Structures are given as structure tokens and as C-alpha cells.
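The structure appears below as C-alpha cells.
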Amino acid sequence: MKQYIKQVVLICLLSVVFYNCKNKQGIKVETPKEQKRPNFLFVLVDDQSAFDLQTYDPNSILETPNISKLANEGIVFDQARQMGSMNGAVCTPSRHMIMTGRTLWHLPPSAEFQKQTDPHELDEQTIGAVFNRAGYKTMRTCKKGNSYPGANKQFSVVHDATKRGGTEESGSAWHATQVLDYLGAREQTKEKDPFFIYFGFSHPHDTRNGTPELLEKYGATNHKDKNSLPALNEKQPQLQDNYLPAHPFFHGHPELRDEERVSGVWKNRDENTIRNELGREYACSENIDNQLGKVLKKLEDLGELDNTYIIYTSDHGMAIGRHGLQGKQNLYEHTWRVPFIIKGPGLATGKRVNGNIYLLDVLPTLCDLAGIDAPKTVEGKSFVPVLKGEEDVVRDVMYGVYAGGTKPGMRSVKKGDWKLIKYDVMDGAVRETQLFNLAENPNEYLPEHHKKGAMETDLAENPKYADKLAEMEALLLEQMEQNDDPYRLWNQTK
């Protein structure tokens with residue numbers, strides 16, 4: 001806010017100077033107009049892997065023309081991640097991190113399965129509250145539950161409901177309608193203050209009940225019979241390159257809902273089930289794209305599109321058959337990474353960057369773009385220098401956590417092309433280490449994938465890479481210490 005006030009004062013001073021020049025020299029000089037403040041449309045989808053989108057996987061058959069257009073006209077981040085979770089509902093801490101700009105182990109208690117949802121001091125330092133104080137009109141629509149209630153209610157206008165059906169009223173169109181109605185009301189009242197709209201969807205999170213026409217397009221059915229398998233259909237997406245019929249060892253979260261009780265999948269990992277579920281996922285994702293298109297068209301009609309920063313992302317990725325897993329409770333790239341696209345005034349077009357950003361960097365970045373001060377409670381970093389082309393990344397090392405099942409859980413660290421994942425679960429019964437070179441093995445193939453390339457596998461047991469393994473092990477411990485991770489793995493210093 002201070003920066004914005006300084007801008008206004010400067011404009012006023014310049015106006016006085018120009019006015020005096022006219023009086024003394026008789027020269028007519030136009031008084032500069034106040035620069036219009038930018039709007040924000042923050043689009044958050046629920047459970048979408050970056051690799052579902054053609055922007056990240058050109059071989060994907062998922063058609064999302066509006067998202068692809070955003071990518072072509074904006075900046076695509078190739079290395080955007082959510083830091084992780086301390087519980088099975090990964091979306092809950094993820095949304096807390098987005099709202100607060102705080103790291104995983106420094107979140108309010110409500111980040112853990114909505115425990116202690118009574119007011120917290122951080123509530124007033126979240127996106128809605130910050131932009132309200134800066135003079136923005138704030139509006140939110142999203143799913144209910146598994147989020148951050150104390151932050152959600154800070155928005156001036158809130159229309160939240162969980163909509164995962166296949167009709168206009170029960171699905172993604174409902175969320176779009178809330179935004180369209182809000183923009184329509186602004187138009188009628190001739191509202192001049194800038195807006196911040198949090199445009200959240202309930203899909204493609206299960207249950208993935210797509211619209212009938214999009215389910216038909218992707219050859220999918222809303223399969224409900226546990227005693228039979230859905231039929232294969234040539235329209236369905238093919239199995240992903242890193243698909244497995246089972247993960248090679250137990251992930252360490254007994255009776256995890258996402259791996260055992262998703263309607264239409266359950267514990268099945270056969271080709272019929274996974275291809276059908278991918279079809280359902282794609283049907284829901286294309287519907288999201290359709291709804292986003294309606295809102296972008298409305299902004300264009302209002303003359304606001306060119307002055308609006310549009311951010312598209314997901315709260316985390318999703319497996320759906322990759323590595324024999326179904327859910328979001330893992331640290332492979334398909335789940336740890338998120339899609340992240342931003343377009344807006346003054347930004348480059350058709351550009352890709354690495355970034356090395358977390359979702360917790362969103363709040364300080366949006367404040368930076370708006371010219372307002374980020375709360376002192378923020379721990380994330382503004383990636384505006386990356387947007388401006390001044391830097392390629394905001395950090396060199398990325399740290400990931402899944403501690404939602406048996407403890408300590410999974411940990412990951414990435415630096416450059418190298419990535420380490422460690423598993424310490426089931427009271428020590430499962431202790432595994434994986435080492436990948438993502439430049440040579442971007443799909444994180446395991447021995448069970450039977451690839452021929454020498455580096456297209458887990459390299460943790462290869463003596464040739466013993467020094468790299470030791471380096472990454474030390475780096476992981478360093479990151480755990482820096483981020484106040486309360487746990488230590490079996491082979492780390494206590």
C-alpha cells in the first residue's frame with residue numbers, strides 16, 4: 001500500500017510542475033492521468049496434474065483451448081510445486097499456503113484436517129484481507145471443506161459450494177455463474193475500484209461426474225459397479241508412459257481413501273479402470289476450460305481483460321495410474337508439481353521459465369504486482385523478478401513432504417536435474433530411497449518399467465552415483481532443518 005501511495009504523491013507533484021510550466025511559459029501541458037490499478041483473476045482447480053494439459057504434455061488428448069491460449073499469451077512455469085502436506089487431505093495445507101504465503105510447518109492448526117478452526121491471528125494476513133485493505137473489491141467462489149475457513153471468509157463476497165456433478169447447477173458451470181453474476185453487478189453499478197476474484201473449482205477432484213457430452217467425447221462412463229470393470233473405448237486416453245499396475249512397495253498410508261475408495265476405481269489399477277478414470281478426469285477438465293472461457297469473454301466485453309492478471313494453477317497434482325498410484329499422496333513429479341500459468345499487463349507473451357516456485361509464493365507475488373506491501377508474516381518469495389526476465393529461478397533447491405500416513409512419511413529434495421525421494425513409513429517396515437536424474441528420466445521410471453536407458457531408472461542403488469546420493473541426502477537434511485521439519489528419517493542425525 002505504501003508503494004501505491006508513493007505513486008499517487010509522485011503523480012500529484014508532477015501535475016503541479018506541469019501546471020506551473022503552463023503559467024510561466026504559456027505552454028499547454030496535459031496533466032498525466034492516474035494509472036489504473038490492475039485486477040486479478042486467480043483460478044484454482046482441484047486435483048489436476050500438470051501433465052494432463054497439452055501445455056506440459058503435447059501428447060495429451062485433453063482439449064483446453066482457453067488454458068492453451070493463456071499459455072501462448074502469457075508465461076508458463078515448468079517448475080512450480082506445492083510444498084507438501086502433513087495429512088491425507090493434501091489440498092488443505094496447500095490452500096493454507098496459498099492464502100498465507102507461509103511454509104508447511106508454520107501454518108495455523110486448521111491446516112491439519114480442519115482442526116481448531118476458531119479465529120487465528122494469521123486470518124487477517126491472508127489474500128482476501130490484504131487486498132480488502134488495499135482498496136480492492138474481493139470475491140470468492142470455490143468448494144467447501146478441506147480449505148482454510150478463516151481465510152475464505154475474509155473476502156467481501158463469498159459463494160462457496162462443492163460442485164462435482166455433470167449438470168449446469170451441480171458442476172463447474174455453477175462456479176462460473178457466480179463470477180459472471182459478480183462481474184455483471186459491477187457493470188450495473190459502474191464499480192470503478194479494482195477487483196480480486198478467487199475463481200475456484202471443485203473438479204476435476206473425484207467424484208468425476210462429467211457432463212454427458214464430454215464423457216462421451218473421452219469414451220468414459222461414471223462406473224459404479226465394484227464387481228465389474230468399465231469397458232475399454234478407443235476414445236479414452238491411453239495409459240501414461242509411467243503407468244504401473246501396482247506401486248513396487250507400500251506408500252505407508254493404511255486405508256487411504258484416494259488409493260482405496262474413489263468411486264469407479266477403488267483398489268483397481270487395470271487398464272480398463274485407469275483409462276476410464278482418465279477419461280472422466282479429462283471430461284471434467286475440459287468443462288473447467290469451457291467455464292473459464294466464459295469468464296474471460298465477459299472480462300473482454302467489459303474492457304477489463306487487458307488490465308487483469310490471470311493466474312491458472314492447481315492445489316496439487318494427481319497420479320491416476322502413474323506409478324501404480326491413484327491419489328495425491330506421493331512426491332513423484334506428476335503430483336508434486338502443479339500447472340502454473342500467468343498472463344497480464346506488462347508481462348511477456350509465449351514464454352516458458354523454470355521458476356522454482358512454490359504455491360506459497362503466490363501471495364507476495366500478487367502483492368508485488370499490485371504495488372502493495374505483503375504482510376510481514378509471509379515466508380514465500382515474490383517471483384516478479386522471474387516474470388520480468390531478471391532471474392530464471394527464485395530458489396535453487398525445492399523441498400517436498402508427505403507426512404499424512406505413518407510417520408515420518410516421505411520427503412523429497414530437488415536441485416538442478418537431480419531429485420531424491422525417501423520413504424520411512426510403517427514403523428520402519430518400509431524404508432526406501434529413490435534417486436532420479438530428471439533430465440534423463442523425466443517420467444521417473446523405476447526398474448518395474450523395464451526401460452533400456454542406463455539412467456531411465458532409480459539410481460539410488462547404483463554405485464556410480466554414490467557421491468551424488470550422499471550429496472542429495474545431505475541437502476535433504478539441510479532443507480528439513482531450514483523448514484523446521486519436526487521429523488527425522490531413519491538414517492539422519494536426530
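Chain labels A, B, ... are given in the sequence in which chains occur in the C-alpha cells; within each chain residues are numbered consecutively from 1, and ligands are likewise numbered from 1 in the order shown.
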
Give me the residues near stretch 191-204 of chain A as a PDB file with N, CA and C atoms, in the first residue's frame, where near means some atom within 8 Å (using only C-alpha atoms) and where sequence neighbours in that chain fewer than 6 positions away do not count.
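To be explicit, this is the file written out as result08.pdb:
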```pdb
ATOM      1  N   ARG A  37      -5.278   0.797 -11.622  1.00  0.00           N
ATOM      2  CA  ARG A  37      -4.732  -0.327 -10.873  1.00  0.00           C
ATOM      3  C   ARG A  37      -5.176  -1.642 -11.498  1.00  0.00           C
ATOM      4  N   PRO A  38      -4.318  -2.655 -11.498  1.00  0.00           N
ATOM      5  CA  PRO A  38      -4.664  -3.915 -12.165  1.00  0.00           C
ATOM      6  C   PRO A  38      -5.669  -4.738 -11.374  1.00  0.00           C
ATOM      7  N   ASN A  39      -6.443  -5.523 -12.097  1.00  0.00           N
ATOM      8  CA  ASN A  39      -7.340  -6.509 -11.487  1.00  0.00           C
ATOM      9  C   ASN A  39      -6.619  -7.851 -11.415  1.00  0.00           C
ATOM     10  N   PHE A  40      -7.224  -8.777 -10.650  1.00  0.00           N
ATOM     11  CA  PHE A  40      -6.661 -10.123 -10.529  1.00  0.00           C
ATOM     12  C   PHE A  40      -7.765 -11.168 -10.638  1.00  0.00           C
ATOM     13  N   LEU A  41      -7.533 -12.188 -11.458  1.00  0.00           N
ATOM     14  CA  LEU A  41      -8.397 -13.367 -11.539  1.00  0.00           C
ATOM     15  C   LEU A  41      -7.523 -14.571 -11.225  1.00  0.00           C
ATOM     16  N   PHE A  42      -7.672 -15.101 -10.018  1.00  0.00           N
ATOM     17  CA  PHE A  42      -6.866 -16.236  -9.578  1.00  0.00           C
ATOM     18  C   PHE A  42      -7.699 -17.506  -9.732  1.00  0.00           C
ATOM     19  N   VAL A  43      -7.285 -18.379 -10.643  1.00  0.00           N
ATOM     20  CA  VAL A  43      -8.045 -19.583 -10.978  1.00  0.00           C
ATOM     21  C   VAL A  43      -7.358 -20.790 -10.346  1.00  0.00           C
ATOM     22  N   LEU A  44      -8.069 -21.477  -9.460  1.00  0.00           N
ATOM     23  CA  LEU A  44      -7.523 -22.644  -8.769  1.00  0.00           C
ATOM     24  C   LEU A  44      -8.423 -23.849  -9.003  1.00  0.00           C
ATOM     25  N   VAL A  45      -7.859 -24.889  -9.616  1.00  0.00           N
ATOM     26  CA  VAL A  45      -8.621 -26.117  -9.823  1.00  0.00           C
ATOM     27  C   VAL A  45      -8.179 -27.150  -8.787  1.00  0.00           C
ATOM     28  N   ASP A  46      -8.967 -28.192  -8.637  1.00  0.00           N
ATOM     29  CA  ASP A  46      -8.787 -29.153  -7.552  1.00  0.00           C
ATOM     30  C   ASP A  46      -8.340 -30.506  -8.114  1.00  0.00           C
ATOM     31  N   ASP A  47      -7.099 -30.919  -7.814  1.00  0.00           N
ATOM     32  CA  ASP A  47      -6.595 -32.237  -8.227  1.00  0.00           C
ATOM     33  C   ASP A  47      -6.327 -32.322  -9.726  1.00  0.00           C
ATOM     34  N   GLN A  48      -5.434 -31.525 -10.248  1.00  0.00           N
ATOM     35  CA  GLN A  48      -5.111 -31.619 -11.678  1.00  0.00           C
ATOM     36  C   GLN A  48      -3.599 -31.717 -11.854  1.00  0.00           C
ATOM     37  N   PHE A 131      -5.993  -7.680   0.308  1.00  0.00           N
ATOM     38  CA  PHE A 131      -6.488  -6.916  -0.836  1.00  0.00           C
ATOM     39  C   PHE A 131      -7.679  -6.035  -0.455  1.00  0.00           C
ATOM     40  N   GLY A 135      -7.871  -1.566  -0.886  1.00  0.00           N
ATOM     41  CA  GLY A 135      -8.887  -0.888  -1.680  1.00  0.00           C
ATOM     42  C   GLY A 135      -9.461  -1.703  -2.819  1.00  0.00           C
ATOM     43  N   TYR A 136      -9.171  -2.999  -2.833  1.00  0.00           N
ATOM     44  CA  TYR A 136      -9.728  -3.878  -3.855  1.00  0.00           C
ATOM     45  C   TYR A 136     -11.102  -4.388  -3.430  1.00  0.00           C
ATOM     46  N   LYS A 137     -11.938  -4.686  -4.417  1.00  0.00           N
ATOM     47  CA  LYS A 137     -13.187  -5.398  -4.179  1.00  0.00           C
ATOM     48  C   LYS A 137     -12.880  -6.884  -4.351  1.00  0.00           C
ATOM     49  N   THR A 138     -13.164  -7.667  -3.323  1.00  0.00           N
ATOM     50  CA  THR A 138     -12.766  -9.072  -3.350  1.00  0.00           C
ATOM     51  C   THR A 138     -13.970 -10.000  -3.408  1.00  0.00           C
ATOM     52  N   MET A 139     -13.828 -11.057  -4.196  1.00  0.00           N
ATOM     53  CA  MET A 139     -14.901 -12.029  -4.364  1.00  0.00           C
ATOM     54  C   MET A 139     -14.292 -13.418  -4.454  1.00  0.00           C
ATOM     55  N   ARG A 140     -15.012 -14.402  -3.962  1.00  0.00           N
ATOM     56  CA  ARG A 140     -14.516 -15.776  -3.955  1.00  0.00           C
ATOM     57  C   ARG A 140     -15.639 -16.751  -4.244  1.00  0.00           C
ATOM     58  N   THR A 141     -15.331 -17.752  -5.072  1.00  0.00           N
ATOM     59  CA  THR A 141     -16.173 -18.934  -5.206  1.00  0.00           C
ATOM     60  C   THR A 141     -15.250 -20.138  -5.260  1.00  0.00           C
ATOM     61  N   CYS A 142     -15.600 -21.209  -4.570  1.00  0.00           N
ATOM     62  CA  CYS A 142     -14.765 -22.407  -4.552  1.00  0.00           C
ATOM     63  C   CYS A 142     -15.543 -23.523  -3.870  1.00  0.00           C
ATOM     64  N   LYS A 143     -14.885 -24.669  -3.709  1.00  0.00           N
ATOM     65  CA  LYS A 143     -15.517 -25.765  -2.997  1.00  0.00           C
ATOM     66  C   LYS A 143     -15.619 -25.445  -1.513  1.00  0.00           C
ATOM     67  N   THR A 162     -19.562 -27.117  -2.924  1.00  0.00           N
ATOM     68  CA  THR A 162     -18.872 -28.204  -3.603  1.00  0.00           C
ATOM     69  C   THR A 162     -19.741 -28.689  -4.753  1.00  0.00           C
ATOM     70  N   LYS A 163     -19.222 -28.559  -5.976  1.00  0.00           N
ATOM     71  CA  LYS A 163     -19.993 -28.866  -7.178  1.00  0.00           C
ATOM     72  C   LYS A 163     -19.199 -29.830  -8.058  1.00  0.00           C
ATOM     73  N   ARG A 164     -19.523 -31.122  -7.947  1.00  0.00           N
ATOM     74  CA  ARG A 164     -18.807 -32.143  -8.700  1.00  0.00           C
ATOM     75  C   ARG A 164     -19.751 -33.009  -9.522  1.00  0.00           C
ATOM     76  N   GLY A 171     -22.303 -28.753 -11.346  1.00  0.00           N
ATOM     77  CA  GLY A 171     -20.910 -28.870 -11.742  1.00  0.00           C
ATOM     78  C   GLY A 171     -20.183 -27.547 -11.847  1.00  0.00           C
ATOM     79  N   SER A 172     -19.133 -27.531 -12.652  1.00  0.00           N
ATOM     80  CA  SER A 172     -18.236 -26.378 -12.734  1.00  0.00           C
ATOM     81  C   SER A 172     -18.919 -25.113 -13.234  1.00  0.00           C
ATOM     82  N   HIS A 175     -19.790 -22.503 -10.525  1.00  0.00           N
ATOM     83  CA  HIS A 175     -18.756 -21.576 -10.070  1.00  0.00           C
ATOM     84  C   HIS A 175     -18.591 -20.427 -11.057  1.00  0.00           C
ATOM     85  N   ALA A 176     -18.630 -20.731 -12.356  1.00  0.00           N
ATOM     86  CA  ALA A 176     -18.508 -19.672 -13.362  1.00  0.00           C
ATOM     87  C   ALA A 176     -19.665 -18.688 -13.263  1.00  0.00           C
ATOM     88  N   VAL A 179     -19.103 -15.989 -10.705  1.00  0.00           N
ATOM     89  CA  VAL A 179     -18.178 -14.940 -11.153  1.00  0.00           C
ATOM     90  C   VAL A 179     -18.848 -14.038 -12.182  1.00  0.00           C
ATOM     91  N   GLU A 281     -11.574 -37.699 -15.827  1.00  0.00           N
ATOM     92  CA  GLU A 281     -10.758 -36.543 -15.432  1.00  0.00           C
ATOM     93  C   GLU A 281     -10.702 -35.517 -16.563  1.00  0.00           C
ATOM     94  N   TYR A 282     -10.477 -35.988 -17.779  1.00  0.00           N
ATOM     95  CA  TYR A 282     -10.377 -35.081 -18.925  1.00  0.00           C
ATOM     96  C   TYR A 282     -11.709 -34.399 -19.208  1.00  0.00           C
ATOM     97  N   CYS A 284     -13.966 -33.587 -17.042  1.00  0.00           N
ATOM     98  CA  CYS A 284     -14.135 -32.526 -16.043  1.00  0.00           C
ATOM     99  C   CYS A 284     -13.200 -31.356 -16.316  1.00  0.00           C
ATOM    100  N   SER A 285     -11.985 -31.643 -16.766  1.00  0.00           N
ATOM    101  CA  SER A 285     -11.019 -30.578 -17.028  1.00  0.00           C
ATOM    102  C   SER A 285     -11.421 -29.748 -18.243  1.00  0.00           C
ATOM    103  N   ILE A 288     -14.040 -27.347 -17.159  1.00  0.00           N
ATOM    104  CA  ILE A 288     -13.429 -26.207 -16.467  1.00  0.00           C
ATOM    105  C   ILE A 288     -12.936 -25.188 -17.492  1.00  0.00           C
TER     106      ILE A 288
END
```

Set the distance at 10 Å and use only C-alpha atoms: which residues neighbour A:Thr377 once local chain neighbours fewer than 6 positions away are removed? I'd like the list as a list in words. Thr100, Gly101, Arg102, Leu122, Gln125 and Thr126 of chain A

For the helix (DSSP H, G or I) assignment from backbone DSSP, which residues of stretch 369-415 of chain A qualify? Please present them as a list in words.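 Helix (DSSP H, G or I) members of stretch 369-415 of chain A, listed: Leu369, Ala370, Val384, Pro385, Val386 and Leu387 of chain A.
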
My list of candidates is A:Gly293, A:Gly145, A:Gly165, A:Gly252. Which is closest to A:Leu180 when distances are computed with only C-alpha atoms?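 Selected residue with least distance to A:Leu180: A:Gly293.
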
Hey, what's within 7 Å of A:Glu112 if we count only C-alpha atoms and toss same-chain stuff fewer than 5 positions away? As a PyMOL selection string, please? chain A and resi 86-87+93

Applying 12 Å and only C-alpha atoms, which residues near A:Arg337 remain after dropping the ones on its own chain fewer than 4 positions away? List them as number ranges by chain. A: 47-52, 56, 77-84, 313-319, 328, 330-333, 354-359, 398-400, 414

Which one of A:Glu213, A:Asp396, A:Glu234, A:Asp206 sits closest to A:Thr167 if you count only C-alpha atoms? A:Glu213

Write out as a PyMOL selection string all residues of stretch 105-173 of chain A that DSSP puts in strand (DSSP E) for this structure's backbone. chain A and resi 137-141+157-158

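What separates atom CA of A:Arg208 from atom CA of A:Ala220 is a distance of 10.3 Å.
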
Test item: residues at most 7 Å from A:Thr365, only C-alpha atoms, excluding those fewer than 6 positions along its chain, as a list of chain:residue names: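 The contact residues come out as A:Ser382, A:Phe383, A:Val384.
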
Closest to A:His106 among A:Val378, A:Leu292, A:Val362, A:Met472, using only C-alpha atoms?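 Answer, going by the shortest atom-to-atom distance: A:Val378.
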
What's the 10 Å shell around A:Glu216, counting only C-alpha atoms, without same-chain residues fewer than 2 positions away, as a list in words?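 The filter keeps Gly210, Thr211, Pro212, Glu213, Leu214, Tyr218, Gly219, Ala220, Thr221, Asn233, Lys235, Gln236, Gly279, Arg280 and Ala283 of chain A.
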
Could you save those same residues with all heavy atoms as a compact mmCIF listing (two decimals), in the first residue's frame?
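Contents of the output file out_4.txt:
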```
# COMPACT_ATOMS: atom_id res chain seq x y z
N GLY A 210 -18.54 -36.04 -15.11
CA GLY A 210 -18.52 -35.05 -16.17
C GLY A 210 -19.87 -34.88 -16.83
O GLY A 210 -20.82 -35.64 -16.58
N THR A 211 -19.98 -33.87 -17.69
CA THR A 211 -21.21 -33.69 -18.45
C THR A 211 -21.34 -34.85 -19.44
O THR A 211 -20.33 -35.39 -19.90
CB THR A 211 -21.19 -32.36 -19.22
OG1 THR A 211 -20.12 -32.40 -20.19
CG2 THR A 211 -20.98 -31.19 -18.28
N PRO A 212 -22.57 -35.24 -19.80
CA PRO A 212 -22.75 -36.39 -20.69
C PRO A 212 -21.99 -36.26 -22.01
O PRO A 212 -21.39 -37.22 -22.49
CB PRO A 212 -24.27 -36.42 -20.91
CG PRO A 212 -24.83 -35.78 -19.68
CD PRO A 212 -23.85 -34.72 -19.29
N GLU A 213 -22.01 -35.05 -22.61
CA GLU A 213 -21.36 -34.89 -23.91
C GLU A 213 -19.84 -35.00 -23.81
O GLU A 213 -19.19 -35.55 -24.72
CB GLU A 213 -21.76 -33.56 -24.55
CG GLU A 213 -21.39 -32.31 -23.78
CD GLU A 213 -22.42 -31.89 -22.75
OE1 GLU A 213 -23.29 -32.72 -22.40
OE2 GLU A 213 -22.36 -30.73 -22.31
N LEU A 214 -19.25 -34.52 -22.70
CA LEU A 214 -17.80 -34.62 -22.57
C LEU A 214 -17.36 -36.01 -22.13
O LEU A 214 -16.29 -36.49 -22.53
CB LEU A 214 -17.29 -33.56 -21.59
CG LEU A 214 -17.32 -32.13 -22.14
CD1 LEU A 214 -16.95 -31.11 -21.06
CD2 LEU A 214 -16.38 -31.99 -23.34
N TYR A 218 -14.66 -38.40 -24.41
CA TYR A 218 -13.47 -39.10 -23.95
C TYR A 218 -13.73 -40.58 -23.64
O TYR A 218 -12.92 -41.23 -22.97
CB TYR A 218 -12.90 -38.38 -22.72
CG TYR A 218 -12.32 -37.02 -23.08
CD1 TYR A 218 -13.01 -35.85 -22.75
CD2 TYR A 218 -11.12 -36.91 -23.75
CE1 TYR A 218 -12.50 -34.60 -23.09
CE2 TYR A 218 -10.60 -35.67 -24.10
CZ TYR A 218 -11.30 -34.53 -23.77
OH TYR A 218 -10.78 -33.29 -24.11
N GLY A 219 -14.86 -41.09 -24.12
CA GLY A 219 -15.14 -42.53 -24.04
C GLY A 219 -15.30 -43.06 -22.64
O GLY A 219 -15.02 -44.23 -22.38
N ALA A 220 -15.75 -42.21 -21.71
CA ALA A 220 -15.80 -42.60 -20.30
C ALA A 220 -17.22 -42.76 -19.81
O ALA A 220 -18.17 -42.18 -20.35
CB ALA A 220 -15.08 -41.55 -19.45
N THR A 221 -17.37 -43.54 -18.76
CA THR A 221 -18.66 -43.72 -18.10
C THR A 221 -18.47 -43.51 -16.59
O THR A 221 -17.38 -43.72 -16.05
CB THR A 221 -19.23 -45.13 -18.32
OG1 THR A 221 -18.30 -46.10 -17.79
CG2 THR A 221 -19.45 -45.40 -19.80
N ASN A 233 -12.58 -48.16 -24.52
CA ASN A 233 -13.15 -47.38 -25.61
C ASN A 233 -12.00 -46.68 -26.32
O ASN A 233 -11.12 -46.11 -25.66
CB ASN A 233 -14.15 -46.36 -25.03
CG ASN A 233 -14.93 -45.62 -26.09
OD1 ASN A 233 -14.35 -45.07 -27.02
ND2 ASN A 233 -16.25 -45.58 -25.95
N LYS A 235 -11.82 -43.96 -27.66
CA LYS A 235 -11.76 -42.52 -27.40
C LYS A 235 -11.06 -42.20 -26.08
O LYS A 235 -10.68 -41.05 -25.84
CB LYS A 235 -13.18 -41.94 -27.34
CG LYS A 235 -13.96 -42.03 -28.64
CD LYS A 235 -15.36 -41.45 -28.44
CE LYS A 235 -16.19 -41.53 -29.70
NZ LYS A 235 -17.56 -40.98 -29.47
N GLN A 236 -10.88 -43.18 -25.23
CA GLN A 236 -10.28 -42.94 -23.92
C GLN A 236 -8.80 -42.58 -24.06
O GLN A 236 -8.12 -43.03 -24.99
CB GLN A 236 -10.42 -44.18 -23.04
CG GLN A 236 -11.83 -44.52 -22.63
CD GLN A 236 -11.95 -45.90 -22.01
OE1 GLN A 236 -11.03 -46.73 -22.10
NE2 GLN A 236 -13.08 -46.17 -21.37
N GLY A 279 -10.42 -40.65 -18.66
CA GLY A 279 -11.46 -40.04 -19.49
C GLY A 279 -12.39 -39.16 -18.68
O GLY A 279 -12.78 -38.07 -19.12
N ARG A 280 -12.75 -39.62 -17.49
CA ARG A 280 -13.59 -38.81 -16.61
C ARG A 280 -12.85 -37.55 -16.16
O ARG A 280 -13.42 -36.46 -16.10
CB ARG A 280 -14.00 -39.63 -15.38
CG ARG A 280 -14.84 -40.86 -15.71
CD ARG A 280 -15.14 -41.68 -14.47
NE ARG A 280 -16.16 -41.04 -13.63
CZ ARG A 280 -16.54 -41.50 -12.45
NH1 ARG A 280 -15.95 -42.58 -11.94
NH2 ARG A 280 -17.48 -40.90 -11.76
N ALA A 283 -12.80 -35.13 -19.05
CA ALA A 283 -14.12 -34.54 -19.27
C ALA A 283 -14.35 -33.38 -18.30
O ALA A 283 -14.84 -32.31 -18.68
CB ALA A 283 -15.21 -35.59 -19.11
```

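If you look at atom CA of A:Gln329 and atom CA of A:Lys494, they are 25.3 Å away from each other.
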